[in-house]
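The data block below is model.txt; it holds compact mmCIF, C-alpha atoms.
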```txt
# COMPACT_ATOMS: atom_id res chain seq x y z
CA ARG V 1 47.42 -41.16 -18.89
CA ARG V 2 44.27 -42.90 -20.11
CA PHE V 3 42.84 -42.44 -16.63
CA PHE V 4 43.37 -38.67 -16.67
CA THR V 5 42.05 -38.42 -20.21
CA ALA V 6 38.86 -40.26 -19.19
CA LEU V 7 38.58 -38.13 -16.05
CA LEU V 8 38.86 -34.87 -17.99
CA ALA V 9 36.27 -36.10 -20.48
CA LYS V 10 33.90 -36.94 -17.63
CA ILE V 11 34.40 -33.52 -16.02
CA GLY V 12 33.79 -31.87 -19.39
CA ALA V 13 30.54 -33.77 -19.80
CA ILE V 14 29.41 -32.73 -16.33
CA LEU V 15 30.24 -29.08 -17.01
CA GLN V 16 28.45 -29.27 -20.34
CA GLY V 17 25.39 -30.60 -18.52
CA TYR V 18 25.54 -27.74 -16.03
CA SER V 19 25.81 -25.29 -18.91
CA ALA V 20 22.76 -26.79 -20.59
CA ASP V 21 20.80 -26.64 -17.34
CA PHE V 22 21.83 -23.01 -16.82
CA ASN V 23 20.83 -22.05 -20.36
CA CYS V 24 17.46 -23.72 -19.82
CA PHE V 25 17.10 -21.82 -16.55
CA LYS V 26 17.86 -18.52 -18.31
CA GLU V 27 15.32 -19.29 -21.02
CA ASN V 28 12.64 -19.99 -18.43
CA MET V 29 13.55 -16.85 -16.52
CA SER V 30 13.10 -14.76 -19.64
CA ASP V 31 9.53 -15.95 -20.05
CA SER V 32 7.02 -13.30 -19.00
CA LEU V 33 4.36 -13.98 -16.40
CA THR V 34 0.89 -12.62 -17.00
CA LEU V 35 -1.26 -11.96 -13.95
CA GLN V 36 -4.97 -11.24 -13.99
CA PRO V 37 -6.61 -9.41 -11.06
CA VAL V 38 -8.98 -11.54 -9.02
CA ALA V 39 -10.46 -8.52 -7.27
CA VAL V 40 -10.42 -4.76 -6.89
CA ILE V 41 -10.43 -2.79 -3.67
CA HIS V 42 -12.62 0.19 -2.79
CA THR V 43 -11.06 2.67 -0.35
CA PRO V 44 -11.47 6.34 0.63
CA TYR V 45 -8.05 7.16 -0.84
CA LYS V 46 -8.57 8.57 -4.33
CA GLU V 47 -4.88 9.28 -4.95
CA LYS V 48 -1.57 7.89 -3.72
CA PHE V 49 -0.64 11.18 -1.97
CA SER V 50 -3.21 10.56 0.76
CA VAL V 51 -2.50 6.86 1.37
CA PRO V 52 -0.90 6.04 4.75
CA ARG V 53 2.40 4.17 4.56
CA GLN V 54 0.99 1.27 6.59
CA PRO V 55 -2.63 0.16 7.20
CA ASN V 56 -2.72 0.48 11.00
CA LEU V 57 -1.73 4.16 11.01
CA VAL V 58 -5.25 5.37 10.09
CA GLN V 59 -7.97 3.35 11.80
CA ASP V 60 -10.92 4.82 9.88
CA GLY V 61 -9.43 4.27 6.41
CA THR V 62 -11.31 1.03 5.84
CA GLY V 63 -11.79 -0.81 2.55
CA ILE V 64 -13.90 -3.36 0.69
CA VAL V 65 -12.43 -5.98 -1.65
CA GLU V 66 -14.80 -6.90 -4.48
CA LEU V 67 -14.05 -10.14 -6.32
CA LEU V 68 -14.17 -9.98 -10.10
CA PRO V 69 -15.69 -12.53 -12.50
CA PRO V 70 -15.16 -15.47 -12.70
CA TYR V 71 -13.83 -15.45 -9.14
CA ASN V 72 -16.90 -13.79 -7.58
CA GLN V 73 -18.29 -17.07 -6.30
CA ALA V 74 -19.26 -17.80 -2.72
CA GLU V 75 -17.40 -21.11 -3.01
CA ALA V 76 -14.14 -19.24 -3.65
CA VAL V 77 -14.24 -17.67 -0.16
CA ARG V 78 -15.80 -20.54 1.75
CA GLY V 79 -14.12 -20.75 5.14
CA LEU V 80 -12.42 -17.36 4.83
CA GLU V 81 -14.57 -15.93 7.65
CA GLN V 82 -12.65 -18.19 10.04
CA PHE V 83 -9.61 -15.91 9.71
CA SER V 84 -9.28 -12.50 11.34
CA HIS V 85 -6.59 -11.16 8.99
CA LEU V 86 -5.62 -11.54 5.34
CA TRP V 87 -2.69 -10.94 3.04
CA LEU V 88 -3.45 -8.95 -0.12
CA ILE V 89 -1.08 -9.23 -3.05
CA PHE V 90 -1.68 -6.20 -5.26
CA GLN V 91 -0.34 -4.08 -8.09
CA PHE V 92 1.17 -0.62 -7.73
CA ASP V 93 -0.86 0.43 -10.74
CA GLN V 94 -0.26 4.18 -10.36
CA ILE V 95 3.52 3.90 -10.49
CA PRO V 96 5.29 4.46 -13.86
CA GLN V 97 6.45 1.13 -15.25
CA GLY V 98 10.12 0.42 -15.81
CA LYS V 99 11.34 3.34 -13.69
CA TRP V 100 13.15 1.77 -10.79
CA HIS V 101 16.60 2.22 -9.27
CA PRO V 102 18.77 -0.17 -7.26
CA THR V 103 18.68 2.24 -4.30
CA VAL V 104 15.86 4.31 -2.81
CA ARG V 105 15.47 6.91 -0.05
CA PRO V 106 12.93 5.69 2.54
CA PRO V 107 10.84 8.40 4.26
CA ARG V 108 11.68 6.83 7.63
CA LEU V 109 15.30 7.84 7.06
CA GLY V 110 14.36 11.42 6.29
CA GLY V 111 14.56 10.98 2.54
CA ASN V 112 18.30 11.70 2.49
CA GLN V 113 19.80 8.24 3.05
CA ARG V 114 19.81 5.49 0.46
CA VAL V 115 19.24 1.77 0.92
CA GLY V 116 18.80 -1.04 -1.57
CA VAL V 117 15.37 -1.29 -3.18
CA PHE V 118 15.06 -4.82 -1.77
CA ALA V 119 15.83 -3.47 1.71
CA SER V 120 12.81 -1.19 1.46
CA ARG V 121 9.08 -1.16 0.81
CA SER V 122 9.38 1.39 -1.93
CA THR V 123 6.58 1.45 -4.50
CA HIS V 124 9.16 1.87 -7.29
CA ARG V 125 10.26 -1.74 -7.78
CA PRO V 126 11.38 -3.96 -10.68
CA ASN V 127 8.00 -5.68 -10.48
CA PRO V 128 5.18 -3.36 -9.28
CA ILE V 129 3.80 -5.81 -6.73
CA GLY V 130 2.88 -5.05 -3.12
CA LEU V 131 1.88 -7.03 -0.06
CA SER V 132 -0.48 -5.77 2.63
CA LYS V 133 -1.79 -7.34 5.85
CA VAL V 134 -5.38 -6.31 6.59
CA GLU V 135 -8.06 -7.17 9.12
CA LEU V 136 -11.13 -9.02 7.85
CA HIS V 137 -14.37 -7.79 9.42
CA HIS V 138 -16.83 -9.95 7.51
CA VAL V 139 -17.59 -11.64 4.19
CA GLU V 140 -20.70 -10.63 2.22
CA CYS V 141 -22.15 -12.66 -0.66
CA LYS V 142 -25.18 -10.87 -2.06
CA ASN V 143 -26.79 -10.17 -5.44
CA GLY V 144 -24.02 -11.91 -7.34
CA LYS V 145 -21.27 -10.00 -5.55
CA VAL V 146 -18.61 -11.29 -3.17
CA LEU V 147 -17.36 -8.53 -0.86
CA LEU V 148 -14.70 -8.69 1.82
CA HIS V 149 -15.21 -5.93 4.37
CA LEU V 150 -11.86 -4.92 5.81
CA GLY V 151 -10.43 -2.79 8.56
CA ALA V 152 -7.76 -0.16 7.91
CA VAL V 153 -6.01 -0.36 4.53
CA ASP V 154 -3.14 1.37 2.74
CA LEU V 155 -4.24 1.09 -0.89
CA VAL V 156 -5.50 3.57 -3.46
CA ASP V 157 -9.14 3.19 -4.48
CA GLY V 158 -9.42 0.81 -7.43
CA THR V 159 -6.12 -1.01 -6.83
CA PRO V 160 -6.05 -4.41 -8.61
CA ILE V 161 -5.74 -7.40 -6.26
CA PHE V 162 -3.85 -10.41 -7.64
CA ASP V 163 -4.35 -12.81 -4.74
CA ILE V 164 -5.87 -13.14 -1.28
CA LYS V 165 -4.39 -15.40 1.38
CA PRO V 166 -5.31 -16.00 5.03
CA TYR V 167 -2.89 -14.69 7.65
CA LEU V 168 -1.55 -17.50 9.84
CA ALA V 169 -0.41 -16.23 13.23
CA TYR V 170 1.82 -19.22 14.04
CA ALA V 171 3.70 -18.87 10.76
CA ASP V 172 3.48 -15.17 9.89
CA SER V 173 4.01 -13.52 13.29
CA GLU V 174 7.55 -12.91 14.51
CA PRO V 175 7.35 -10.84 17.74
CA ASN V 176 11.14 -10.74 18.12
CA ALA V 177 11.87 -9.83 14.50
CA ILE V 178 14.47 -7.16 13.80
CA SER V 179 13.10 -4.54 11.41
CA GLY V 180 16.10 -2.39 10.65
CA PHE V 181 15.34 1.32 10.33
CA ALA V 182 11.59 0.71 10.86
CA GLN V 183 11.61 -1.22 14.13
CA SER V 184 8.75 0.76 15.68
CA GLU V 185 5.58 2.47 14.49
CA PRO V 186 6.25 6.04 13.31
CA LYS V 187 5.02 8.81 15.56
CA PRO V 188 2.69 11.52 14.18
CA LEU V 189 4.72 14.33 12.64
CA LEU V 190 2.05 17.05 12.61
CA HIS V 191 -0.48 18.48 15.03
CA VAL V 192 -3.71 19.11 13.10
CA GLU V 193 -6.04 22.07 13.58
CA PHE V 194 -9.20 23.18 11.77
CA THR V 195 -10.23 26.70 10.83
CA ALA V 196 -13.80 27.68 11.72
CA GLU V 197 -14.82 27.19 8.07
CA ALA V 198 -13.27 23.71 7.91
CA GLU V 199 -14.80 22.75 11.25
CA SER V 200 -18.24 23.67 9.93
CA ALA V 201 -17.64 21.70 6.73
CA VAL V 202 -16.61 18.60 8.71
CA LYS V 203 -19.87 18.65 10.64
CA LYS V 204 -21.81 19.01 7.40
CA HIS V 205 -20.11 16.02 5.75
CA SER V 206 -20.10 13.84 8.87
CA LYS V 207 -23.74 12.83 8.49
CA ASN V 208 -22.84 9.47 6.95
CA ARG V 209 -19.27 9.44 8.23
CA PRO V 210 -19.35 9.97 11.98
CA HIS V 211 -15.57 9.69 12.35
CA LEU V 212 -14.67 11.95 9.41
CA GLN V 213 -12.79 14.50 11.50
CA ARG V 214 -10.71 11.83 13.22
CA PHE V 215 -10.02 10.25 9.83
CA ILE V 216 -8.75 13.51 8.34
CA ILE V 217 -6.58 14.15 11.40
CA GLU V 218 -5.00 10.70 11.28
CA VAL V 219 -4.20 11.00 7.56
CA ILE V 220 -2.60 14.43 7.77
CA GLN V 221 -0.80 14.00 11.09
CA GLN V 222 1.41 11.39 9.37
CA ASP V 223 2.51 14.21 7.01
CA PRO V 224 1.93 12.74 3.52
CA ARG V 225 4.41 15.19 1.97
CA PRO V 226 7.73 13.91 0.60
CA ALA V 227 10.32 13.51 3.35
CA TYR V 228 12.47 16.36 2.01
CA GLN V 229 9.56 18.79 2.58
CA GLN V 230 8.82 17.70 6.13
CA GLY V 231 9.96 19.79 9.07
CA LYS V 232 10.11 22.96 6.98
CA SER V 233 7.96 26.07 6.93
CA THR V 234 6.06 26.79 3.72
CA ASP V 235 3.12 28.85 2.50
CA ARG V 236 2.06 26.17 0.02
CA LEU V 237 -1.57 25.02 0.02
CA TYR V 238 -1.96 21.23 -0.21
CA GLY V 239 -4.98 19.20 -1.23
CA ILE V 240 -5.85 15.56 -0.72
CA SER V 241 -8.83 13.58 -1.99
CA LEU V 242 -10.63 11.49 0.64
CA TYR V 243 -13.95 9.84 -0.22
CA ASP V 244 -15.67 12.43 -2.42
CA LEU V 245 -14.01 15.35 -0.63
CA ASN V 246 -11.15 17.66 -1.44
CA VAL V 247 -9.41 18.54 1.83
CA LYS V 248 -7.17 21.63 1.59
CA TRP V 249 -4.53 22.23 4.23
CA ARG V 250 -1.31 24.07 4.88
CA ILE V 251 1.46 24.34 7.42
CA LYS V 252 0.44 27.01 9.88
CA ALA V 253 2.34 30.29 9.68
CA GLU V 254 5.50 30.46 11.79
CA SER V 255 5.35 26.72 12.38
CA VAL V 256 6.86 23.56 10.93
CA ASP V 257 4.79 20.93 12.76
CA VAL V 258 1.22 22.30 12.84
CA ALA V 259 -1.10 21.54 9.92
CA GLU V 260 -4.18 23.69 9.49
CA ILE V 261 -7.23 22.39 7.60
CA VAL V 262 -8.59 25.42 5.78
CA GLN V 263 -11.29 24.08 3.46
CA ILE V 264 -13.30 20.91 2.75
CA GLU V 265 -15.25 20.75 -0.48
CA THR V 266 -17.12 18.13 -2.47
CA LEU V 267 -15.07 17.00 -5.46
CA VAL V 268 -16.29 17.99 -8.91
CA ASN V 269 -18.56 15.32 -10.49
CA HIS V 270 -19.39 13.93 -7.03
CA GLN V 271 -22.59 14.37 -5.14
CA GLU V 272 -23.20 14.30 -1.44
CA ASP V 273 -23.89 10.78 -0.14
```
Please express what this file holds, its structure, as structure tokens.
Amino acid sequence: RRFFTALLAKIGAILQGYSADFNCFKENMSDSLTLQPVAVIHTPYKEKFSVPRQPNLVQDGTGIVELLPPYNQAEAVRGLEQFSHLWLIFQFDQIPQGKWHPTVRPPRLGGNQRVGVFASRSTHRPNPIGLSKVELHHVECKNGKVLLHLGAVDLVDGTPIFDIKPYLAYADSEPNAISGFAQSEPKPLLHVEFTAEAESAVKKHSKNRPHLQRFIIEVIQQDPRPAYQQGKSTDRLYGISLYDLNVKWRIKAESVDVAEIVQIETLVNHQED
């Protein structure tokens, strides 16, 4: 009897220890974490509507990461030029805070099928943090600025960057990975045409942007509209902001998969480069 009494006391002590550890864990978990941006990115995408869903879908949508003080030191990026690709950890700063749901409707599933938020790359998340793999073209340290010139990106202009890490092919690449409903790159959804007026405007604005027409085509052919609007005829006129331009387009009459660029104008408060 004494043995069982001692055994129960020992078990109780162990459980009490576990309880104390768990309470300590909960207290630590409740602590908030404050992050400060180390950089900001400059891109041609002035609004989230125009941003491609992955960087490699629009080859001319390049970006520049500018390090912020006190991180804008050449020493902070020493050796970074040895890597061809980077990971950017960033904030979804244009998404309303606190408005997330346990399930979301990914565009790749037509917007009518739900999956768990953690089984998606939805921008509406418990913590508004994103991860993007980008190509590094070169590092520039000049006049007190540290700039990382990148290839194609999928971030809104001005997005805060929390961290920058080199991409390691041996550790980060998984050629045989299974990617669920997004196993392959999405095919273009729209064929893009230009009216005579829009064609003339493209030539005018292509002086400093030789691939402007290709850029516009690649952005719109992915169909940036919500998934529930895709594949349907409409007379609605859409507008997207790229660089300092307002590109207006619509779905061509009697069609569901042909986008027609109708007008390209300089945005208000912007001047021609």
**Residue nearest Phe83 in chain V - candidates V:Glu47, V:Glu135, V:Glu218, V:Glu66, atoms counted: all atoms listed in the file** =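 Distance minimum relative to Phe83 in chain V lands on V:Glu135.
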**Complete:** From CA of Lys232 in chain V to CA of Leu109 in chain V the spacing works out at 16.0 Å
**Message:** Can you tell me which residues surround range 169-177 of chain V at a distance of at most 12 Å, considering only C-alpha atoms, apart from same-chain residues fewer than 3 positions away, and format the answer as a PyMOL selection string?
**Reply:** chain V and resi 83-87+133+165-166+180+182-184
**Computed interatomic separation between CA of Arg209 in chain V and CA of Asp257 in chain V (Å)** =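 Atom-to-atom, CA of Arg209 in chain V to CA of Asp257 in chain V, that is 27.0 Å.
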**Asked** Nearest to Gln36 in chain V among V:Asp93, V:Asp163, V:Asp244, V:Glu265, with distances taken over all atoms listed in the file: which residue is it?
**Response** V:Asp163
Would you mind putting back all heavy atoms on range 214-225 of chain V, then writing it out as a CSV table (one decimal), in the coordinates of the input?
```csv
chain,number,residue,atom,x,y,z
V,214,ARG,N,-11.8,12.7,12.7
V,214,ARG,CA,-10.7,11.8,13.2
V,214,ARG,C,-9.9,11.2,12.0
V,214,ARG,O,-8.7,11.2,12.1
V,214,ARG,CB,-11.3,10.7,14.1
V,214,ARG,CG,-10.2,9.8,14.7
V,214,ARG,CD,-10.8,8.8,15.7
V,214,ARG,NE,-11.6,7.8,15.0
V,214,ARG,CZ,-12.3,6.9,15.6
V,214,ARG,NH1,-12.3,6.8,17.0
V,214,ARG,NH2,-13.0,6.0,15.0
V,215,PHE,N,-10.7,10.8,11.0
V,215,PHE,CA,-10.0,10.2,9.8
V,215,PHE,C,-9.1,11.2,9.2
V,215,PHE,O,-7.9,10.9,8.9
V,215,PHE,CB,-11.1,9.8,8.9
V,215,PHE,CG,-10.6,9.3,7.5
V,215,PHE,CD1,-9.6,8.3,7.5
V,215,PHE,CD2,-11.1,9.7,6.3
V,215,PHE,CE1,-9.1,7.8,6.3
V,215,PHE,CE2,-10.7,9.3,5.1
V,215,PHE,CZ,-9.7,8.3,5.1
V,216,ILE,N,-9.6,12.5,9.0
V,216,ILE,CA,-8.8,13.5,8.3
V,216,ILE,C,-7.5,13.8,9.2
V,216,ILE,O,-6.4,13.9,8.7
V,216,ILE,CB,-9.6,14.8,8.1
V,216,ILE,CG1,-10.7,14.5,7.1
V,216,ILE,CG2,-8.7,15.9,7.7
V,216,ILE,CD1,-11.7,15.7,6.9
V,217,ILE,N,-7.7,13.9,10.5
V,217,ILE,CA,-6.6,14.2,11.4
V,217,ILE,C,-5.5,13.1,11.3
V,217,ILE,O,-4.3,13.3,11.2
V,217,ILE,CB,-7.1,14.3,12.9
V,217,ILE,CG1,-7.9,15.6,13.0
V,217,ILE,CG2,-5.9,14.3,13.8
V,217,ILE,CD1,-8.5,15.7,14.4
V,218,GLU,N,-6.0,11.8,11.3
V,218,GLU,CA,-5.0,10.7,11.3
V,218,GLU,C,-4.2,10.6,10.0
V,218,GLU,O,-3.1,10.2,9.9
V,218,GLU,CB,-5.7,9.4,11.6
V,218,GLU,CG,-6.2,9.2,13.0
V,218,GLU,CD,-6.8,7.9,13.3
V,218,GLU,OE1,-7.2,7.2,12.3
V,218,GLU,OE2,-6.9,7.5,14.5
V,219,VAL,N,-4.9,11.0,8.9
V,219,VAL,CA,-4.2,11.0,7.6
V,219,VAL,C,-3.1,12.1,7.5
V,219,VAL,O,-2.0,11.8,7.2
V,219,VAL,CB,-5.2,11.2,6.4
V,219,VAL,CG1,-4.5,11.4,5.1
V,219,VAL,CG2,-6.1,10.0,6.3
V,220,ILE,N,-3.5,13.3,7.9
V,220,ILE,CA,-2.6,14.4,7.8
V,220,ILE,C,-1.5,14.5,8.8
V,220,ILE,O,-0.4,14.9,8.6
V,220,ILE,CB,-3.4,15.7,7.7
V,220,ILE,CG1,-4.3,15.7,6.5
V,220,ILE,CG2,-2.5,17.0,7.7
V,220,ILE,CD1,-5.1,17.0,6.3
V,221,GLN,N,-1.8,13.9,10.0
V,221,GLN,CA,-0.8,14.0,11.1
V,221,GLN,C,0.4,13.1,10.8
V,221,GLN,O,1.5,13.3,11.3
V,221,GLN,CB,-1.4,13.6,12.4
V,221,GLN,CG,-1.7,12.1,12.6
V,221,GLN,CD,-2.3,11.8,13.9
V,221,GLN,OE1,-2.5,12.7,14.8
V,221,GLN,NE2,-2.6,10.5,14.2
V,222,GLN,N,0.3,12.2,9.8
V,222,GLN,CA,1.4,11.4,9.4
V,222,GLN,C,2.3,12.2,8.4
V,222,GLN,O,3.4,11.7,8.1
V,222,GLN,CB,0.9,10.1,8.7
V,222,GLN,CG,0.1,9.2,9.6
V,222,GLN,CD,0.8,8.7,10.8
V,222,GLN,OE1,2.1,8.4,10.7
V,222,GLN,NE2,0.2,8.5,11.9
V,223,ASP,N,1.8,13.3,8.0
V,223,ASP,CA,2.5,14.2,7.0
V,223,ASP,C,2.8,13.5,5.7
V,223,ASP,O,3.9,12.9,5.5
V,223,ASP,CB,3.8,14.8,7.6
V,223,ASP,CG,4.3,16.0,6.8
V,223,ASP,OD1,3.8,16.2,5.7
V,223,ASP,OD2,5.2,16.7,7.3
V,224,PRO,N,1.8,13.5,4.8
V,224,PRO,CA,1.9,12.7,3.5
V,224,PRO,C,2.9,13.4,2.5
V,224,PRO,O,3.2,12.8,1.5
V,224,PRO,CB,0.5,12.8,3.0
V,224,PRO,CG,-0.1,14.0,3.5
V,224,PRO,CD,0.5,14.1,4.9
V,225,ARG,N,3.5,14.5,2.9
V,225,ARG,CA,4.4,15.2,2.0
V,225,ARG,C,5.7,14.4,1.8
V,225,ARG,O,6.0,13.6,2.7
V,225,ARG,CB,4.8,16.6,2.5
V,225,ARG,CG,3.6,17.5,2.6
V,225,ARG,CD,4.0,18.9,3.2
V,225,ARG,NE,4.6,18.7,4.6
V,225,ARG,CZ,5.3,19.6,5.2
V,225,ARG,NH1,5.6,20.8,4.6
V,225,ARG,NH2,5.7,19.4,6.4
```
